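Colleague: I'd like to ask you about the structure that follows.
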Amino acid sequence: MAQFEIKEGEIKVSKELNDIDSFVIKTTDIIKKYTEYVIVSGYVAIFFGRSRISEDVDIFIKELSLEKFKEMYSDFTKNGFEWIIEDPLELYKEYLKKGTPIGVWENGAPLLRLDMKLPKELSQHGLFNSKIKVELNNHILWMADIESTIAYKEEIAKSDKDIKDSQHLRLVFKNLDETKIKRYKSLFKQEFNKHAR
Amino acid sequence: MHGKPNSYREFFLKKWADYVISNENWSVLQAKFINAQIKNIKSRDLELLKREEELGWMALSEQSLKEGWDNPIDEKVWNKYLQKNKK
């Protein structure tokens with residue numbers, strides 16, 4: 001084993017699945033039938049070896065119609081998941097469309113939650129263009145690129161946990177593009193300051 | 001030791017990252033570690049739920065006792081009973 005490396009936007013990883021990995025595979029297997037997604041933030045670091053747990057997996061999903069959302073909602077409930085609110089119309093109109101993340105978890109196990117939201121900012125839309133394809137055993141996962149994850153954690157999130165996530169990613173990945181990280185940092189900062197005003 | 005308390009965690013982070021990049025089967029250890037943490041939290045949550053349920057029942061029984069004592073209808077029934085028994 002050596003450091004991880006993304007080549008042409010792809011990486012193959014073979015690993016023993018932990019409970020969070022299995023949860024992510026189950027949920028993204030449903031989401032991908034209805035829309036595109038990108039996994040962001042903490043789980044990206046955890047997937048690539050960070051030794052901590054997380055209560056939520058953050059994910060951006062691409063805009064989808066109410067009808068498609070209702071189908072996805074039912075698919076989740078049929079497969080043993082429950083939503084933060086049992087009303088797909090309210091979830092879609094009052095939460096998702098207004099930029100609030102919506103949570104879904106396996107029945108009776110809210111400890112591990114998938115929080116999905118629609119991209120609003122330029123940088124969030126951009127994640128779909130720069131996402132990386134991760135081939136995990138026989139599955140495919142789409143994740144935010146490592147540079148944007150590091151930039152977000154170092155420039156915006158900044159908690160002890162986030163800084164350690166970014167340190168971990170810097171240690172286990174090779175050939176990271178520092179110019180890209182700088183560019184992301186400046187974009188995130190601009191967007192953050194726009195909201196802070 | 002490694003100086004400030006924080007630096008121990010830094011030391012662990014670096015050690016663990018080294019382990020990840022130098023061992024093919026790093027994820028076996030990671031899975032054990034993560035799954036154990038989840039199991040631990042789940043059992044703590046369960047205890048908390050049980051405790052909350054207990055507290056809920058206690059609050060409910062206190063409320064019903066209070067209602068019983070303060071209920072004016074019950075008071076009337078009691079007075080009637082007393083009068084009846086005096087006769």
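We name chains A, B, ... following the order of the structure tokens; residues begin at 1 in each chain, and ligands are numbered from 1 as shown.
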Going by DSSP on the backbone, which bits of region 1-173 of chain A are strand (DSSP E)? Write them as an NGL selection string, please.
Modeller: :A and (10-13 or 37-40 or 56-61 or 81-83 or 102-106 or 113-117 or 132-136 or 139-143)
Colleague: Check every residue of chain B for an atom within 7 Å of chain A, counting only C-alpha atoms, and provide those that qualify as a PyMOL selection string.
Modeller: chain B and resi 13+17+20-24+27-28+30-31+34-35
Colleague: Take the residues that were just selected and, keeping all heavy atoms, output them as an mmCIF file, in the first residue's frame.
Modeller:
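See selection28.cif below for the written result:
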data_model
loop_
_atom_site.group_PDB
_atom_site.id
_atom_site.type_symbol
_atom_site.label_atom_id
_atom_site.label_comp_id
_atom_site.auth_asym_id
_atom_site.auth_seq_id
_atom_site.Cartn_x
_atom_site.Cartn_y
_atom_site.Cartn_z
ATOM 1 N N LEU B 13 -2.439 10.986 15.093
ATOM 2 C CA LEU B 13 -2.939 11.242 13.733
ATOM 3 C C LEU B 13 -1.876 10.875 12.697
ATOM 4 O O LEU B 13 -2.145 10.197 11.709
ATOM 5 C CB LEU B 13 -3.314 12.720 13.600
ATOM 6 C CG LEU B 13 -3.981 13.100 12.289
ATOM 7 C CD1 LEU B 13 -5.419 13.516 12.524
ATOM 8 C CD2 LEU B 13 -3.248 14.211 11.588
ATOM 9 N N ALA B 17 -1.990 7.794 10.079
ATOM 10 C CA ALA B 17 -1.880 8.052 8.635
ATOM 11 C C ALA B 17 -0.752 7.207 8.042
ATOM 12 O O ALA B 17 -0.889 6.643 6.946
ATOM 13 C CB ALA B 17 -1.646 9.532 8.374
ATOM 14 N N VAL B 20 -2.001 3.760 7.593
ATOM 15 C CA VAL B 20 -2.906 3.652 6.438
ATOM 16 C C VAL B 20 -2.106 3.514 5.141
ATOM 17 O O VAL B 20 -2.427 2.675 4.294
ATOM 18 C CB VAL B 20 -3.867 4.868 6.366
ATOM 19 C CG1 VAL B 20 -4.649 4.891 5.057
ATOM 20 C CG2 VAL B 20 -4.839 4.851 7.549
ATOM 21 N N ILE B 21 -1.050 4.325 5.009
ATOM 22 C CA ILE B 21 -0.329 4.287 3.731
ATOM 23 C C ILE B 21 0.713 3.168 3.650
ATOM 24 O O ILE B 21 1.260 2.911 2.589
ATOM 25 C CB ILE B 21 0.314 5.650 3.359
ATOM 26 C CG1 ILE B 21 1.275 6.130 4.443
ATOM 27 C CG2 ILE B 21 -0.746 6.693 3.121
ATOM 28 C CD1 ILE B 21 1.916 7.466 4.127
ATOM 29 N N SER B 22 0.951 2.503 4.778
ATOM 30 C CA SER B 22 1.967 1.437 4.682
ATOM 31 C C SER B 22 1.411 0.026 4.911
ATOM 32 O O SER B 22 2.171 -0.933 4.924
ATOM 33 C CB SER B 22 3.138 1.732 5.633
ATOM 34 O OG SER B 22 2.653 2.052 6.895
ATOM 35 N N ASN B 23 0.090 -0.089 5.106
ATOM 36 C CA ASN B 23 -0.504 -1.417 5.293
ATOM 37 C C ASN B 23 -1.672 -1.644 4.343
ATOM 38 O O ASN B 23 -2.622 -0.850 4.331
ATOM 39 C CB ASN B 23 -1.029 -1.574 6.724
ATOM 40 C CG ASN B 23 0.083 -1.808 7.704
ATOM 41 O OD1 ASN B 23 0.597 -2.910 7.848
ATOM 42 N ND2 ASN B 23 0.490 -0.732 8.366
ATOM 43 N N GLU B 24 -1.604 -2.727 3.587
ATOM 44 C CA GLU B 24 -2.685 -3.068 2.659
ATOM 45 C C GLU B 24 -4.019 -3.196 3.384
ATOM 46 O O GLU B 24 -5.067 -2.828 2.856
ATOM 47 C CB GLU B 24 -2.373 -4.411 1.970
ATOM 48 C CG GLU B 24 -1.335 -4.334 0.880
ATOM 49 C CD GLU B 24 -1.817 -3.613 -0.370
ATOM 50 O OE1 GLU B 24 -3.026 -3.438 -0.539
ATOM 51 O OE2 GLU B 24 -0.937 -3.209 -1.173
ATOM 52 N N SER B 27 -7.830 -1.019 6.479
ATOM 53 C CA SER B 27 -9.274 -0.824 6.688
ATOM 54 C C SER B 27 -9.866 -1.848 7.657
ATOM 55 O O SER B 27 -10.938 -1.628 8.206
ATOM 56 C CB SER B 27 -9.998 -0.866 5.348
ATOM 57 O OG SER B 27 -9.741 -2.085 4.706
ATOM 58 N N VAL B 28 -9.169 -2.961 7.877
ATOM 59 C CA VAL B 28 -9.667 -3.961 8.840
ATOM 60 C C VAL B 28 -9.652 -3.337 10.235
ATOM 61 O O VAL B 28 -10.635 -3.411 10.985
ATOM 62 C CB VAL B 28 -8.780 -5.233 8.808
ATOM 63 C CG1 VAL B 28 -9.202 -6.222 9.875
ATOM 64 C CG2 VAL B 28 -8.816 -5.871 7.430
ATOM 65 N N GLN B 30 -9.494 -0.106 10.841
ATOM 66 C CA GLN B 30 -10.394 1.050 10.855
ATOM 67 C C GLN B 30 -11.836 0.592 11.111
ATOM 68 O O GLN B 30 -12.560 1.200 11.897
ATOM 69 C CB GLN B 30 -10.319 1.819 9.521
ATOM 70 C CG GLN B 30 -11.066 3.159 9.600
ATOM 71 C CD GLN B 30 -11.595 3.650 8.259
ATOM 72 O OE1 GLN B 30 -11.945 2.864 7.385
ATOM 73 N NE2 GLN B 30 -11.673 4.951 8.096
ATOM 74 N N ALA B 31 -12.243 -0.504 10.422
ATOM 75 C CA ALA B 31 -13.617 -1.003 10.585
ATOM 76 C C ALA B 31 -13.859 -1.421 12.036
ATOM 77 O O ALA B 31 -14.898 -1.110 12.612
ATOM 78 C CB ALA B 31 -13.859 -2.174 9.636
ATOM 79 N N ILE B 34 -14.096 1.867 14.130
ATOM 80 C CA ILE B 34 -15.329 2.637 13.888
ATOM 81 C C ILE B 34 -16.560 1.868 14.373
ATOM 82 O O ILE B 34 -17.421 2.424 15.057
ATOM 83 C CB ILE B 34 -15.439 3.000 12.385
ATOM 84 C CG1 ILE B 34 -14.443 4.131 12.074
ATOM 85 C CG2 ILE B 34 -16.857 3.416 12.012
ATOM 86 C CD1 ILE B 34 -14.439 4.624 10.661
ATOM 87 N N ASN B 35 -16.619 0.569 14.057
ATOM 88 C CA ASN B 35 -17.793 -0.211 14.459
ATOM 89 C C ASN B 35 -17.918 -0.289 15.975
ATOM 90 O O ASN B 35 -19.033 -0.246 16.509
ATOM 91 C CB ASN B 35 -17.754 -1.612 13.847
ATOM 92 C CG ASN B 35 -17.829 -1.555 12.332
ATOM 93 O OD1 ASN B 35 -18.107 -0.501 11.754
ATOM 94 N ND2 ASN B 35 -17.575 -2.671 11.682
#
Colleague: Measuring between only C-alpha atoms, which one of A:Glu71, A:Glu147, A:Glu106, A:Asp162 shows the shortest distance to Leu89 (chain A)?
Modeller: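 When distances to Leu89 (chain A) are compared using only C-alpha atoms, the smallest one comes from A:Glu71.
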Colleague: Give me, as a list in words, all polymer residues having an atom no more than 7 Å from Ile39 (chain A), counting only C-alpha atoms and skipping those fewer than 6 positions away in the same chain.
Modeller: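 Residues near the query, excluding close chain neighbours: Asp58, Ile59, Phe60, Trp142, Met143 and Ala144 of chain A.
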Colleague: Could you please take those selected residues and save N, CA and C atoms as a PDB file, in the first residue's frame?
Modeller:
ATOM      1  N   ASP A  58     -22.691  14.007   4.774  1.00  0.00           N
ATOM      2  CA  ASP A  58     -23.232  15.127   4.008  1.00  0.00           C
ATOM      3  C   ASP A  58     -23.111  14.864   2.518  1.00  0.00           C
ATOM      4  N   ILE A  59     -24.194  15.203   1.819  1.00  0.00           N
ATOM      5  CA  ILE A  59     -24.223  14.893   0.401  1.00  0.00           C
ATOM      6  C   ILE A  59     -25.014  15.978  -0.342  1.00  0.00           C
ATOM      7  N   PHE A  60     -24.514  16.362  -1.495  1.00  0.00           N
ATOM      8  CA  PHE A  60     -25.281  17.265  -2.357  1.00  0.00           C
ATOM      9  C   PHE A  60     -25.958  16.430  -3.425  1.00  0.00           C
ATOM     10  N   TRP A 142     -19.463   8.657  -5.681  1.00  0.00           N
ATOM     11  CA  TRP A 142     -19.017   9.950  -6.205  1.00  0.00           C
ATOM     12  C   TRP A 142     -18.721  10.875  -5.032  1.00  0.00           C
ATOM     13  N   MET A 143     -17.520  11.365  -5.017  1.00  0.00           N
ATOM     14  CA  MET A 143     -17.120  12.219  -3.893  1.00  0.00           C
ATOM     15  C   MET A 143     -16.551  13.541  -4.376  1.00  0.00           C
ATOM     16  N   ALA A 144     -16.608  14.535  -3.462  1.00  0.00           N
ATOM     17  CA  ALA A 144     -15.989  15.823  -3.770  1.00  0.00           C
ATOM     18  C   ALA A 144     -14.487  15.606  -3.892  1.00  0.00           C
TER      19      ALA A 144
END
Colleague: What's around region 188-196 of chain A at 7 Å? Count only C-alpha atoms, leave out sequence neighbours fewer than 3 positions away in its own chain, and write the answer as a VMD selection string.
Modeller: chain A and resid 152 184 to 185
Colleague: Which residues come within 12 Å of Glu86 (chain A), counting only C-alpha atoms, excluding same-chain residues fewer than 3 positions away, as a list in words?
Modeller: Lys70, Tyr73, Ser74, Phe76, Thr77, Phe81, Glu82, Trp83, Leu89, Glu90, Leu91, Tyr92, Ile102, Gly103 and Val104 of chain A
Colleague: Those residues with N, CA, C and O atoms, as a PDB file, in the first residue's frame please?
Modeller:
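Final file, again_16.pdb:
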ATOM      1  N   LYS A  70     -40.547  12.396  -4.806  1.00  0.00           N
ATOM      2  CA  LYS A  70     -41.531  11.520  -4.139  1.00  0.00           C
ATOM      3  C   LYS A  70     -41.192  10.048  -4.366  1.00  0.00           C
ATOM      4  O   LYS A  70     -41.328   9.221  -3.469  1.00  0.00           O
ATOM      5  N   TYR A  73     -38.297   9.250  -2.193  1.00  0.00           N
ATOM      6  CA  TYR A  73     -38.782   9.181  -0.804  1.00  0.00           C
ATOM      7  C   TYR A  73     -39.370   7.791  -0.517  1.00  0.00           C
ATOM      8  O   TYR A  73     -39.040   7.152   0.476  1.00  0.00           O
ATOM      9  N   SER A  74     -40.248   7.331  -1.438  1.00  0.00           N
ATOM     10  CA  SER A  74     -40.893   6.023  -1.230  1.00  0.00           C
ATOM     11  C   SER A  74     -39.878   4.894  -1.291  1.00  0.00           C
ATOM     12  O   SER A  74     -39.982   3.924  -0.537  1.00  0.00           O
ATOM     13  N   PHE A  76     -36.808   4.932  -0.399  1.00  0.00           N
ATOM     14  CA  PHE A  76     -36.110   4.881   0.897  1.00  0.00           C
ATOM     15  C   PHE A  76     -36.998   4.211   1.949  1.00  0.00           C
ATOM     16  O   PHE A  76     -36.542   3.332   2.675  1.00  0.00           O
ATOM     17  N   THR A  77     -38.258   4.645   2.033  1.00  0.00           N
ATOM     18  CA  THR A  77     -39.126   4.092   3.092  1.00  0.00           C
ATOM     19  C   THR A  77     -39.374   2.597   2.869  1.00  0.00           C
ATOM     20  O   THR A  77     -39.380   1.824   3.822  1.00  0.00           O
ATOM     21  N   PHE A  81     -35.929   2.774   5.566  1.00  0.00           N
ATOM     22  CA  PHE A  81     -35.378   4.043   6.063  1.00  0.00           C
ATOM     23  C   PHE A  81     -36.510   4.943   6.534  1.00  0.00           C
ATOM     24  O   PHE A  81     -37.652   4.778   6.114  1.00  0.00           O
ATOM     25  N   GLU A  82     -36.176   5.875   7.415  1.00  0.00           N
ATOM     26  CA  GLU A  82     -37.169   6.878   7.784  1.00  0.00           C
ATOM     27  C   GLU A  82     -36.599   8.277   7.597  1.00  0.00           C
ATOM     28  O   GLU A  82     -35.386   8.480   7.684  1.00  0.00           O
ATOM     29  N   TRP A  83     -37.504   9.230   7.322  1.00  0.00           N
ATOM     30  CA  TRP A  83     -37.100  10.606   7.047  1.00  0.00           C
ATOM     31  C   TRP A  83     -37.358  11.481   8.262  1.00  0.00           C
ATOM     32  O   TRP A  83     -38.189  11.159   9.100  1.00  0.00           O
ATOM     33  N   LEU A  89     -43.937  16.177   0.398  1.00  0.00           N
ATOM     34  CA  LEU A  89     -44.205  17.499  -0.172  1.00  0.00           C
ATOM     35  C   LEU A  89     -43.562  18.595   0.686  1.00  0.00           C
ATOM     36  O   LEU A  89     -42.895  19.501   0.176  1.00  0.00           O
ATOM     37  N   GLU A  90     -43.753  18.479   2.001  1.00  0.00           N
ATOM     38  CA  GLU A  90     -43.166  19.461   2.916  1.00  0.00           C
ATOM     39  C   GLU A  90     -41.634  19.386   2.878  1.00  0.00           C
ATOM     40  O   GLU A  90     -40.950  20.409   2.848  1.00  0.00           O
ATOM     41  N   LEU A  91     -41.124  18.163   2.853  1.00  0.00           N
ATOM     42  CA  LEU A  91     -39.666  17.981   2.795  1.00  0.00           C
ATOM     43  C   LEU A  91     -39.091  18.673   1.568  1.00  0.00           C
ATOM     44  O   LEU A  91     -38.071  19.349   1.640  1.00  0.00           O
ATOM     45  N   TYR A  92     -39.768  18.481   0.459  1.00  0.00           N
ATOM     46  CA  TYR A  92     -39.285  19.025  -0.814  1.00  0.00           C
ATOM     47  C   TYR A  92     -39.408  20.550  -0.846  1.00  0.00           C
ATOM     48  O   TYR A  92     -38.444  21.248  -1.117  1.00  0.00           O
ATOM     49  N   ILE A 102     -31.987  17.716   4.425  1.00  0.00           N
ATOM     50  CA  ILE A 102     -32.993  16.780   4.928  1.00  0.00           C
ATOM     51  C   ILE A 102     -32.310  15.460   5.293  1.00  0.00           C
ATOM     52  O   ILE A 102     -31.445  14.974   4.581  1.00  0.00           O
ATOM     53  N   GLY A 103     -32.723  14.920   6.415  1.00  0.00           N
ATOM     54  CA  GLY A 103     -32.059  13.726   6.939  1.00  0.00           C
ATOM     55  C   GLY A 103     -32.852  12.454   6.707  1.00  0.00           C
ATOM     56  O   GLY A 103     -34.079  12.452   6.743  1.00  0.00           O
ATOM     57  N   VAL A 104     -32.127  11.388   6.454  1.00  0.00           N
ATOM     58  CA  VAL A 104     -32.750  10.079   6.310  1.00  0.00           C
ATOM     59  C   VAL A 104     -31.843   9.066   7.019  1.00  0.00           C
ATOM     60  O   VAL A 104     -30.623   9.215   7.008  1.00  0.00           O
TER      61      VAL A 104
END
Colleague: Enter the distance from CA of Lys120 (chain A) to CA of Gly99 (chain A), in Å, rounded to one decimal.
Modeller: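 Distance between the two atoms: 7.2 Å.
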Colleague: Write out as a list in words all residues of region 46-144 of chain A that backbone DSSP assigns to alpha helix (DSSP H).
Modeller: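 Matching residues, listed in order: Ile46, Phe47, Leu66, Glu67, Lys68, Phe69, Lys70, Glu71, Met72, Tyr73, Ser74, Asp75, Phe76, Thr77, Lys78, Pro88, Leu89, Glu90, Leu122, Ser123, Gln124, His125, Gly126, Leu127, Phe128, Asn129 and Ser130 of chain A.
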Colleague: Can you tell me how far CA of Ala45 (chain A) sits from CA of Lys97 (chain A), in Å to one decimal?
Modeller: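 Separation of CA of Ala45 (chain A) and CA of Lys97 (chain A): 27.9 Å.
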